[in-house]
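> The structure under discussion is supplied below as structure tokens; questions concerning it will follow.
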Amino acid sequence: MTALPLMPKATAVWLIEKTALTFTQIAEFCGMHPLEVQAIADGEVAQGIVGYDPIANHQLTQAEITRCEKDPEARLKILPPANPINRRSKGARYTPVAKRNDRPDAIAFILRNFPQLSEQQTSKLLGTTKDTIEKVRSKQHWNSANIKPRDPVTLGLCSQTDLNAMVLAANERLAREGQAVPQPLELDDEDDHAI
């Protein structure tokens, strides 16, 4: 089960006291072992815990409990939250000092292998500025003689999942605009220094 109820032990206490559900049903709903639920029912565990009503707290319905009481093989399903918690959007990406010199290499790799990514996407993915991207692109970067395109995933500047998501979003944008989606360049030994 992916979502557990709030305060699982207190919920288990309430379900044991107020329902005719099996220990297995309560255990699976609360993310506990059936023997632990049996120990709660026997009074060996959780003696001081006050039961937590999952119906009053909108985690279960009485109809769901009744359905599962009739069929011992049925499993309780938690209600989805009425107001899901919004995840905080990621702020500026912090890059450790030791990896900051690797950023231009990663920018060069992205520019060469994924030209469909916009400057904004590249900037968000690598935690850099549009100015730095433009300097690397135009070879005006202060260290452009030493920049070698290197994969940002292996450099630890982004995850493969984030890179794939950005490339997919860029490809979908190009498809919507009716433009051709560029294919990644084949890598040659001679091409390693070209952008």
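Residue numbering restarts at 1 for every chain of the structure tokens, chains are lettered A, B, ... in their displayed order, and ligands are numbered from 1 as they appear.
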Could you list, as a PyMOL selection string, every residue within 8 Å of Phe114 of chain A, counting only C-alpha atoms and ignoring same-chain residues fewer than 2 positions away?
chain A and resi 109-112+116-117+167+182+184
> Write out as JSON, numbers by chain all residues of segment 13-103 of chain A that backbone DSSP assigns to helix (DSSP H, G or I).
{"A": [13, 14, 15, 16, 17, 18, 23, 24, 25, 26, 27, 28, 29, 30, 34, 35, 36, 37, 38, 39, 40, 41, 42, 62, 63, 64, 65, 66, 67, 68, 69, 70, 97, 98, 99, 100, 101, 102, 103]}
> Between A:Leu35, A:Glu73, A:Pro115, A:Ala12, which one has atoms that come closest to Ala180 of chain A, using only C-alpha atoms?
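For Ala180 of chain A, the nearest of the candidates is A:Pro115.
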> Neighbouring residues of Val136 of chain A were defined as those with any atom within 10 Å, considering only C-alpha atoms; residues of the same chain fewer than 2 positions away were excluded. Please report them as a ChimeraX atom specification.
/A:104-105,107-108,111,130-134,138-144,147,195
> Would you put the residues from that selection into a file with N, CA, C and O atoms, as a PDB file, in the first residue's frame?

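Wrote out.pdb, looks like this:
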ATOM      1  N   PRO A 104      30.683  24.653 -17.683  1.00  0.00           N
ATOM      2  CA  PRO A 104      30.833  24.970 -19.107  1.00  0.00           C
ATOM      3  C   PRO A 104      30.973  23.719 -19.977  1.00  0.00           C
ATOM      4  O   PRO A 104      30.469  23.689 -21.108  1.00  0.00           O
ATOM      5  N   ASP A 105      31.622  22.675 -19.464  1.00  0.00           N
ATOM      6  CA  ASP A 105      31.729  21.420 -20.217  1.00  0.00           C
ATOM      7  C   ASP A 105      30.344  20.813 -20.423  1.00  0.00           C
ATOM      8  O   ASP A 105      30.019  20.326 -21.507  1.00  0.00           O
ATOM      9  N   ILE A 107      27.490  22.463 -20.397  1.00  0.00           N
ATOM     10  CA  ILE A 107      26.757  23.341 -21.313  1.00  0.00           C
ATOM     11  C   ILE A 107      27.132  23.014 -22.751  1.00  0.00           C
ATOM     12  O   ILE A 107      26.267  22.897 -23.631  1.00  0.00           O
ATOM     13  N   ALA A 108      28.422  22.829 -23.009  1.00  0.00           N
ATOM     14  CA  ALA A 108      28.877  22.490 -24.357  1.00  0.00           C
ATOM     15  C   ALA A 108      28.280  21.156 -24.810  1.00  0.00           C
ATOM     16  O   ALA A 108      27.872  21.007 -25.972  1.00  0.00           O
ATOM     17  N   LEU A 111      24.577  21.793 -25.646  1.00  0.00           N
ATOM     18  CA  LEU A 111      24.440  22.548 -26.898  1.00  0.00           C
ATOM     19  C   LEU A 111      24.716  21.673 -28.109  1.00  0.00           C
ATOM     20  O   LEU A 111      24.065  21.814 -29.153  1.00  0.00           O
ATOM     21  N   LYS A 130      21.857  32.337 -18.460  1.00  0.00           N
ATOM     22  CA  LYS A 130      21.769  32.431 -19.921  1.00  0.00           C
ATOM     23  C   LYS A 130      23.021  33.085 -20.494  1.00  0.00           C
ATOM     24  O   LYS A 130      23.458  32.750 -21.593  1.00  0.00           O
ATOM     25  N   ASP A 131      23.605  34.002 -19.738  1.00  0.00           N
ATOM     26  CA  ASP A 131      24.822  34.673 -20.179  1.00  0.00           C
ATOM     27  C   ASP A 131      25.969  33.668 -20.353  1.00  0.00           C
ATOM     28  O   ASP A 131      26.684  33.702 -21.355  1.00  0.00           O
ATOM     29  N   THR A 132      26.109  32.759 -19.398  1.00  0.00           N
ATOM     30  CA  THR A 132      27.161  31.740 -19.495  1.00  0.00           C
ATOM     31  C   THR A 132      26.911  30.825 -20.680  1.00  0.00           C
ATOM     32  O   THR A 132      27.842  30.475 -21.416  1.00  0.00           O
ATOM     33  N   ILE A 133      25.651  30.455 -20.899  1.00  0.00           N
ATOM     34  CA  ILE A 133      25.306  29.593 -22.041  1.00  0.00           C
ATOM     35  C   ILE A 133      25.668  30.283 -23.348  1.00  0.00           C
ATOM     36  O   ILE A 133      26.273  29.679 -24.242  1.00  0.00           O
ATOM     37  N   GLU A 134      25.343  31.560 -23.446  1.00  0.00           N
ATOM     38  CA  GLU A 134      25.651  32.308 -24.674  1.00  0.00           C
ATOM     39  C   GLU A 134      27.154  32.436 -24.886  1.00  0.00           C
ATOM     40  O   GLU A 134      27.646  32.323 -26.003  1.00  0.00           O
ATOM     41  N   SER A 138      29.082  30.972 -28.152  1.00  0.00           N
ATOM     42  CA  SER A 138      29.835  31.846 -29.059  1.00  0.00           C
ATOM     43  C   SER A 138      31.345  31.773 -28.838  1.00  0.00           C
ATOM     44  O   SER A 138      32.086  32.552 -29.422  1.00  0.00           O
ATOM     45  N   LYS A 139      31.780  30.860 -27.982  1.00  0.00           N
ATOM     46  CA  LYS A 139      33.201  30.663 -27.662  1.00  0.00           C
ATOM     47  C   LYS A 139      33.847  31.931 -27.108  1.00  0.00           C
ATOM     48  O   LYS A 139      35.014  32.210 -27.354  1.00  0.00           O
ATOM     49  N   GLN A 140      33.067  32.705 -26.352  1.00  0.00           N
ATOM     50  CA  GLN A 140      33.577  33.909 -25.707  1.00  0.00           C
ATOM     51  C   GLN A 140      33.845  33.674 -24.228  1.00  0.00           C
ATOM     52  O   GLN A 140      34.201  34.599 -23.504  1.00  0.00           O
ATOM     53  N   HIS A 141      33.625  32.442 -23.758  1.00  0.00           N
ATOM     54  CA  HIS A 141      33.837  32.113 -22.347  1.00  0.00           C
ATOM     55  C   HIS A 141      35.321  32.259 -22.024  1.00  0.00           C
ATOM     56  O   HIS A 141      36.184  31.968 -22.851  1.00  0.00           O
ATOM     57  N   TRP A 142      35.640  32.702 -20.825  1.00  0.00           N
ATOM     58  CA  TRP A 142      37.038  32.961 -20.464  1.00  0.00           C
ATOM     59  C   TRP A 142      37.898  31.706 -20.550  1.00  0.00           C
ATOM     60  O   TRP A 142      39.102  31.789 -20.758  1.00  0.00           O
ATOM     61  N   ASN A 143      37.277  30.527 -20.440  1.00  0.00           N
ATOM     62  CA  ASN A 143      38.039  29.283 -20.460  1.00  0.00           C
ATOM     63  C   ASN A 143      37.686  28.436 -21.685  1.00  0.00           C
ATOM     64  O   ASN A 143      37.805  27.220 -21.651  1.00  0.00           O
ATOM     65  N   SER A 144      37.267  29.080 -22.749  1.00  0.00           N
ATOM     66  CA  SER A 144      36.756  28.331 -23.908  1.00  0.00           C
ATOM     67  C   SER A 144      37.815  27.417 -24.536  1.00  0.00           C
ATOM     68  O   SER A 144      37.466  26.403 -25.133  1.00  0.00           O
ATOM     69  N   ILE A 147      37.426  24.015 -22.748  1.00  0.00           N
ATOM     70  CA  ILE A 147      36.099  23.406 -22.601  1.00  0.00           C
ATOM     71  C   ILE A 147      36.007  22.176 -23.495  1.00  0.00           C
ATOM     72  O   ILE A 147      36.238  22.243 -24.698  1.00  0.00           O
ATOM     73  N   ILE A 195      31.636  22.139 -31.043  1.00  0.00           N
ATOM     74  CA  ILE A 195      30.361  22.343 -30.357  1.00  0.00           C
ATOM     75  C   ILE A 195      29.273  22.423 -31.389  1.00  0.00           C
ATOM     76  O   ILE A 195      29.356  23.046 -32.375  1.00  0.00           O
TER      77      ILE A 195
END
> Excluding Gly51 of chain A and its own-chain neighbours fewer than 2 positions away, which residues fall within 7 Å of it when counting only C-alpha atoms? Please give them as a list of chain:residue names.
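Surrounding residues, per the criterion: A:Ala10, A:Thr11, A:Val13, A:Trp14, A:Ile49, A:Asp53.
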> Those residues with all heavy atoms, as a short mmCIF file (atom, residue, chain, number, x, y, z; two decimals), in the first residue's frame please?

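The resulting file, again_27.cif, is reproduced below:
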data_model
loop_
_atom_site.label_atom_id
_atom_site.label_comp_id
_atom_site.auth_asym_id
_atom_site.auth_seq_id
_atom_site.Cartn_x
_atom_site.Cartn_y
_atom_site.Cartn_z
N ALA A 10 -2.69 4.51 16.26
CA ALA A 10 -3.93 5.02 16.85
C ALA A 10 -5.13 4.64 15.97
O ALA A 10 -6.20 4.32 16.48
CB ALA A 10 -3.84 6.53 17.03
N THR A 11 -4.93 4.66 14.66
CA THR A 11 -5.99 4.25 13.74
C THR A 11 -6.29 2.76 13.93
O THR A 11 -7.45 2.34 13.94
CB THR A 11 -5.59 4.54 12.28
OG1 THR A 11 -5.32 5.94 12.15
CG2 THR A 11 -6.67 4.14 11.31
N VAL A 13 -5.90 1.04 16.68
CA VAL A 13 -6.62 0.92 17.95
C VAL A 13 -8.10 1.19 17.73
O VAL A 13 -8.96 0.43 18.17
CB VAL A 13 -6.03 1.88 19.02
CG1 VAL A 13 -6.93 1.97 20.24
CG2 VAL A 13 -4.63 1.45 19.41
N TRP A 14 -8.42 2.25 17.01
CA TRP A 14 -9.82 2.60 16.74
C TRP A 14 -10.51 1.51 15.92
O TRP A 14 -11.64 1.12 16.23
CB TRP A 14 -9.90 3.94 16.01
CG TRP A 14 -11.31 4.46 15.90
CD1 TRP A 14 -11.93 5.29 16.79
CD2 TRP A 14 -12.25 4.20 14.86
NE1 TRP A 14 -13.21 5.55 16.36
CE2 TRP A 14 -13.43 4.89 15.18
CE3 TRP A 14 -12.21 3.44 13.70
CZ2 TRP A 14 -14.56 4.85 14.38
CZ3 TRP A 14 -13.34 3.40 12.90
CH2 TRP A 14 -14.50 4.09 13.23
N ILE A 49 -2.59 4.42 24.05
CA ILE A 49 -2.91 5.14 22.82
C ILE A 49 -4.42 5.26 22.66
O ILE A 49 -5.15 4.28 22.73
CB ILE A 49 -2.30 4.43 21.59
CG1 ILE A 49 -0.77 4.47 21.67
CG2 ILE A 49 -2.77 5.08 20.30
CD1 ILE A 49 -0.06 3.79 20.52
N ASP A 53 -10.02 8.22 14.92
CA ASP A 53 -11.14 7.90 14.04
C ASP A 53 -10.83 8.25 12.59
O ASP A 53 -10.78 9.43 12.23
CB ASP A 53 -12.38 8.66 14.51
CG ASP A 53 -13.64 8.30 13.75
OD1 ASP A 53 -13.55 7.51 12.78
OD2 ASP A 53 -14.71 8.79 14.12
#
> With only C-alpha atoms as the counted atoms, please give the residues lying no more than 8 Å from Leu126 of chain A, apart from itself and same-chain residues fewer than 5 positions off, as a list in words.
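These residues fall inside the cut-off: Arg93, Arg103, Ala106, Ile107, Pro152, Leu157 and Cys158 of chain A.
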> Within 10 Å of Pro80 of chain A, counting only C-alpha atoms, which residues show up once you throw out same-chain ones fewer than 3 positions away? Write them as a ChimeraX atom specification, please.
/A:3,58-60,77,83-84
> As a CSV table (one decimal) with all heavy atoms, in the first residue's frame, please: the residues near Leu15 of chain A (cut-off 12 Å, only C-alpha atoms, same-chain neighbours under 6 positions excluded).

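Written out: selection_34.csv:
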chain,number,residue,atom,x,y,z
A,5,PRO,N,-2.5,5.6,6.7
A,5,PRO,CA,-3.3,6.6,7.4
A,5,PRO,C,-2.4,7.4,8.3
A,5,PRO,O,-1.3,7.0,8.7
A,5,PRO,CB,-4.3,5.8,8.1
A,5,PRO,CG,-3.6,4.5,8.3
A,5,PRO,CD,-2.8,4.3,7.1
A,8,PRO,N,-0.9,5.6,12.3
A,8,PRO,CA,-1.3,4.3,12.0
A,8,PRO,C,-1.7,3.5,13.3
A,8,PRO,O,-2.7,2.7,13.2
A,8,PRO,CB,-0.2,3.6,11.3
A,8,PRO,CG,0.8,4.7,10.9
A,8,PRO,CD,0.4,5.9,11.7
A,9,LYS,N,-0.9,3.6,14.3
A,9,LYS,CA,-1.2,2.8,15.5
A,9,LYS,C,-2.5,3.2,16.2
A,9,LYS,O,-3.3,2.4,16.6
A,9,LYS,CB,0.0,2.8,16.5
A,9,LYS,CG,1.1,1.9,16.3
A,9,LYS,CD,2.0,1.7,17.4
A,9,LYS,CE,3.1,0.7,17.1
A,9,LYS,NZ,4.0,0.5,18.1
A,21,LEU,N,-13.4,-5.8,11.6
A,21,LEU,CA,-12.4,-6.1,10.5
A,21,LEU,C,-11.4,-7.2,11.1
A,21,LEU,O,-11.2,-7.2,12.3
A,21,LEU,CB,-11.6,-4.9,10.1
A,21,LEU,CG,-12.4,-3.8,9.4
A,21,LEU,CD1,-11.6,-2.5,9.3
A,21,LEU,CD2,-12.9,-4.2,8.0
A,22,THR,N,-10.8,-7.9,10.1
A,22,THR,CA,-9.8,-8.9,10.6
A,22,THR,C,-8.5,-8.2,10.9
A,22,THR,O,-8.3,-7.1,10.4
A,22,THR,CB,-9.6,-10.0,9.4
A,22,THR,OG1,-9.0,-9.3,8.3
A,22,THR,CG2,-10.9,-10.7,9.0
A,23,PHE,N,-7.7,-8.9,11.6
A,23,PHE,CA,-6.4,-8.3,12.0
A,23,PHE,C,-5.5,-8.1,10.7
A,23,PHE,O,-4.8,-7.1,10.6
A,23,PHE,CB,-5.6,-9.3,12.9
A,23,PHE,CG,-6.2,-9.4,14.3
A,23,PHE,CD1,-6.0,-10.5,15.0
A,23,PHE,CD2,-7.0,-8.4,14.8
A,23,PHE,CE1,-6.5,-10.7,16.3
A,23,PHE,CE2,-7.5,-8.5,16.1
A,23,PHE,CZ,-7.3,-9.7,16.8
A,24,THR,N,-5.7,-9.0,9.7
A,24,THR,CA,-4.9,-8.8,8.5
A,24,THR,C,-5.4,-7.6,7.7
A,24,THR,O,-4.6,-6.8,7.2
A,24,THR,CB,-5.1,-10.1,7.6
A,24,THR,OG1,-4.7,-11.2,8.3
A,24,THR,CG2,-4.3,-10.0,6.3
A,25,GLN,N,-6.7,-7.3,7.7
A,25,GLN,CA,-7.2,-6.1,7.0
A,25,GLN,C,-6.7,-4.9,7.7
A,25,GLN,O,-6.2,-3.9,7.0
A,25,GLN,CB,-8.7,-6.1,7.0
A,25,GLN,CG,-9.4,-7.2,6.1
A,25,GLN,CD,-10.9,-7.2,6.2
A,25,GLN,OE1,-11.4,-7.3,7.4
A,25,GLN,NE2,-11.6,-7.3,5.1
A,26,ILE,N,-6.8,-4.8,9.0
A,26,ILE,CA,-6.3,-3.7,9.8
A,26,ILE,C,-4.8,-3.5,9.6
A,26,ILE,O,-4.3,-2.4,9.3
A,26,ILE,CB,-6.7,-3.8,11.3
A,26,ILE,CG1,-8.2,-3.8,11.4
A,26,ILE,CG2,-6.0,-2.7,12.1
A,26,ILE,CD1,-8.7,-4.1,12.8
A,27,ALA,N,-4.1,-4.6,9.6
A,27,ALA,CA,-2.6,-4.6,9.5
A,27,ALA,C,-2.2,-4.0,8.1
A,27,ALA,O,-1.3,-3.1,8.0
A,27,ALA,CB,-2.0,-5.9,9.7
A,29,PHE,N,-4.0,-2.1,6.1
A,29,PHE,CA,-4.4,-0.7,6.0
A,29,PHE,C,-3.4,0.2,6.7
A,29,PHE,O,-3.1,1.3,6.3
A,29,PHE,CB,-5.8,-0.5,6.5
A,29,PHE,CG,-6.3,0.9,6.4
A,29,PHE,CD1,-6.6,1.5,5.2
A,29,PHE,CD2,-6.4,1.7,7.5
A,29,PHE,CE1,-7.0,2.8,5.1
A,29,PHE,CE2,-6.9,3.0,7.5
A,29,PHE,CZ,-7.1,3.6,6.2
A,30,CYS,N,-3.0,-0.2,7.9
A,30,CYS,CA,-2.1,0.6,8.8
A,30,CYS,C,-0.7,0.4,8.6
A,30,CYS,O,0.2,1.0,9.2
A,30,CYS,CB,-2.5,0.3,10.2
A,30,CYS,SG,-4.2,0.9,10.7
A,37,VAL,N,-1.0,-6.1,15.3
A,37,VAL,CA,-2.4,-5.7,15.5
A,37,VAL,C,-3.0,-6.6,16.5
A,37,VAL,O,-3.8,-6.2,17.4
A,37,VAL,CB,-3.1,-5.8,14.1
A,37,VAL,CG1,-4.6,-5.6,14.3
A,37,VAL,CG2,-2.6,-4.8,13.1
A,38,GLN,N,-2.7,-7.9,16.5
A,38,GLN,CA,-3.2,-8.9,17.5
A,38,GLN,C,-2.8,-8.5,18.9
A,38,GLN,O,-3.5,-8.5,19.9
A,38,GLN,CB,-2.8,-10.3,17.2
A,38,GLN,CG,-3.5,-11.3,18.1
A,38,GLN,CD,-3.1,-12.7,17.7
A,38,GLN,OE1,-2.5,-13.0,16.7
A,38,GLN,NE2,-3.6,-13.7,18.5
A,40,ILE,N,-2.0,-5.5,19.9
A,40,ILE,CA,-2.8,-4.3,20.3
A,40,ILE,C,-4.2,-4.7,20.8
A,40,ILE,O,-4.7,-4.3,21.8
A,40,ILE,CB,-3.0,-3.3,19.1
A,40,ILE,CG1,-1.6,-2.7,18.8
A,40,ILE,CG2,-4.0,-2.2,19.4
A,40,ILE,CD1,-1.6,-1.8,17.5
A,41,ALA,N,-4.8,-5.7,20.1
A,41,ALA,CA,-6.1,-6.2,20.5
A,41,ALA,C,-6.1,-6.9,21.8
A,41,ALA,O,-7.0,-6.8,22.6
A,41,ALA,CB,-6.7,-7.1,19.4
A,50,VAL,N,-4.9,6.5,22.5
A,50,VAL,CA,-6.3,6.8,22.2
A,50,VAL,C,-6.6,6.5,20.7
A,50,VAL,O,-5.8,6.9,19.9
A,50,VAL,CB,-6.6,8.2,22.6
A,50,VAL,CG1,-8.1,8.5,22.3
A,50,VAL,CG2,-6.3,8.5,24.0
A,51,GLY,N,-7.7,5.9,20.4
A,51,GLY,CA,-8.0,5.6,19.1
A,51,GLY,C,-8.2,6.8,18.2
A,51,GLY,O,-8.7,7.8,18.7
A,52,TYR,N,-7.8,6.7,17.0
A,52,TYR,CA,-7.9,7.9,16.0
A,52,TYR,C,-8.9,7.5,15.0
A,52,TYR,O,-8.7,6.5,14.2
A,52,TYR,CB,-6.5,8.1,15.4
A,52,TYR,CG,-6.4,9.3,14.5
A,52,TYR,CD1,-6.4,10.6,15.1
A,52,TYR,CD2,-6.3,9.2,13.2
A,52,TYR,CE1,-6.3,11.7,14.3
A,52,TYR,CE2,-6.2,10.3,12.3
A,52,TYR,CZ,-6.2,11.6,12.9
A,52,TYR,OH,-6.1,12.6,12.1
A,53,ASP,N,-10.0,8.2,14.9
A,53,ASP,CA,-11.1,7.9,14.0
A,53,ASP,C,-10.8,8.3,12.6
A,53,ASP,O,-10.8,9.4,12.2
A,53,ASP,CB,-12.4,8.7,14.5
A,53,ASP,CG,-13.6,8.3,13.7
A,53,ASP,OD1,-13.5,7.5,12.8
A,53,ASP,OD2,-14.7,8.8,14.1
A,54,PRO,N,-10.6,7.2,11.7
A,54,PRO,CA,-10.3,7.6,10.3
A,54,PRO,C,-11.5,8.1,9.5
A,54,PRO,O,-11.4,8.7,8.5
A,54,PRO,CB,-9.8,6.2,9.8
A,54,PRO,CG,-10.5,5.2,10.6
A,54,PRO,CD,-10.6,5.8,12.0
A,55,ILE,N,-12.7,7.8,10.0
A,55,ILE,CA,-13.9,8.3,9.4
A,55,ILE,C,-14.1,9.8,9.6
A,55,ILE,O,-14.3,10.6,8.7
A,55,ILE,CB,-15.2,7.6,9.8
A,55,ILE,CG1,-15.1,6.1,9.5
A,55,ILE,CG2,-16.5,8.2,9.2
A,55,ILE,CD1,-16.2,5.2,10.1
A,60,LEU,N,-11.3,7.3,5.7
A,60,LEU,CA,-12.1,6.2,5.3
A,60,LEU,C,-13.6,6.6,5.3
A,60,LEU,O,-13.9,7.6,6.0
A,60,LEU,CB,-12.0,5.0,6.3
A,60,LEU,CG,-10.8,4.1,6.2
A,60,LEU,CD1,-10.8,3.1,7.4
A,60,LEU,CD2,-10.8,3.3,4.9
A,62,GLN,N,-17.6,5.0,6.1
A,62,GLN,CA,-18.3,3.9,6.8
A,62,GLN,C,-18.7,2.8,5.8
A,62,GLN,O,-18.6,1.6,6.1
A,62,GLN,CB,-19.6,4.4,7.5
A,62,GLN,CG,-20.3,3.3,8.3
A,62,GLN,CD,-19.4,2.7,9.4
A,62,GLN,OE1,-18.8,3.4,10.2
A,62,GLN,NE2,-19.3,1.4,9.5
A,65,ILE,N,-15.7,0.6,5.3
A,65,ILE,CA,-15.5,-0.4,6.4
A,65,ILE,C,-16.6,-1.5,6.4
A,65,ILE,O,-16.2,-2.7,6.5
A,65,ILE,CB,-15.6,0.4,7.8
A,65,ILE,CG1,-14.4,1.3,7.9
A,65,ILE,CG2,-15.7,-0.5,9.0
A,65,ILE,CD1,-14.4,2.3,9.1
A,66,THR,N,-17.8,-1.1,6.1
A,66,THR,CA,-18.9,-2.1,6.0
A,66,THR,C,-18.6,-3.1,4.9
A,66,THR,O,-18.8,-4.3,5.0
A,66,THR,CB,-20.2,-1.4,5.7
A,66,THR,OG1,-20.4,-0.4,6.7
A,66,THR,CG2,-21.4,-2.4,5.7
A,68,CYS,N,-15.7,-4.1,3.7
A,68,CYS,CA,-14.6,-5.0,4.1
A,68,CYS,C,-15.0,-5.9,5.3
A,68,CYS,O,-14.4,-7.0,5.4
A,68,CYS,CB,-13.4,-4.2,4.5
A,68,CYS,SG,-12.6,-3.4,3.0
A,69,GLU,N,-15.9,-5.5,6.1
A,69,GLU,CA,-16.4,-6.3,7.2
A,69,GLU,C,-17.2,-7.5,6.6
A,69,GLU,O,-17.1,-8.6,7.2
A,69,GLU,CB,-17.3,-5.5,8.2
A,69,GLU,CG,-16.6,-4.6,9.1
A,69,GLU,CD,-17.5,-3.8,10.0
A,69,GLU,OE1,-18.6,-3.5,9.6
A,69,GLU,OE2,-17.0,-3.4,11.1
A,76,LEU,N,-9.1,-2.5,2.7
A,76,LEU,CA,-9.5,-1.1,2.9
A,76,LEU,C,-8.7,-0.3,1.9
A,76,LEU,O,-7.5,-0.5,1.8
A,76,LEU,CB,-9.3,-0.7,4.3
A,76,LEU,CG,-10.2,-1.3,5.4
A,76,LEU,CD1,-9.6,-1.0,6.8
A,76,LEU,CD2,-11.6,-0.7,5.3
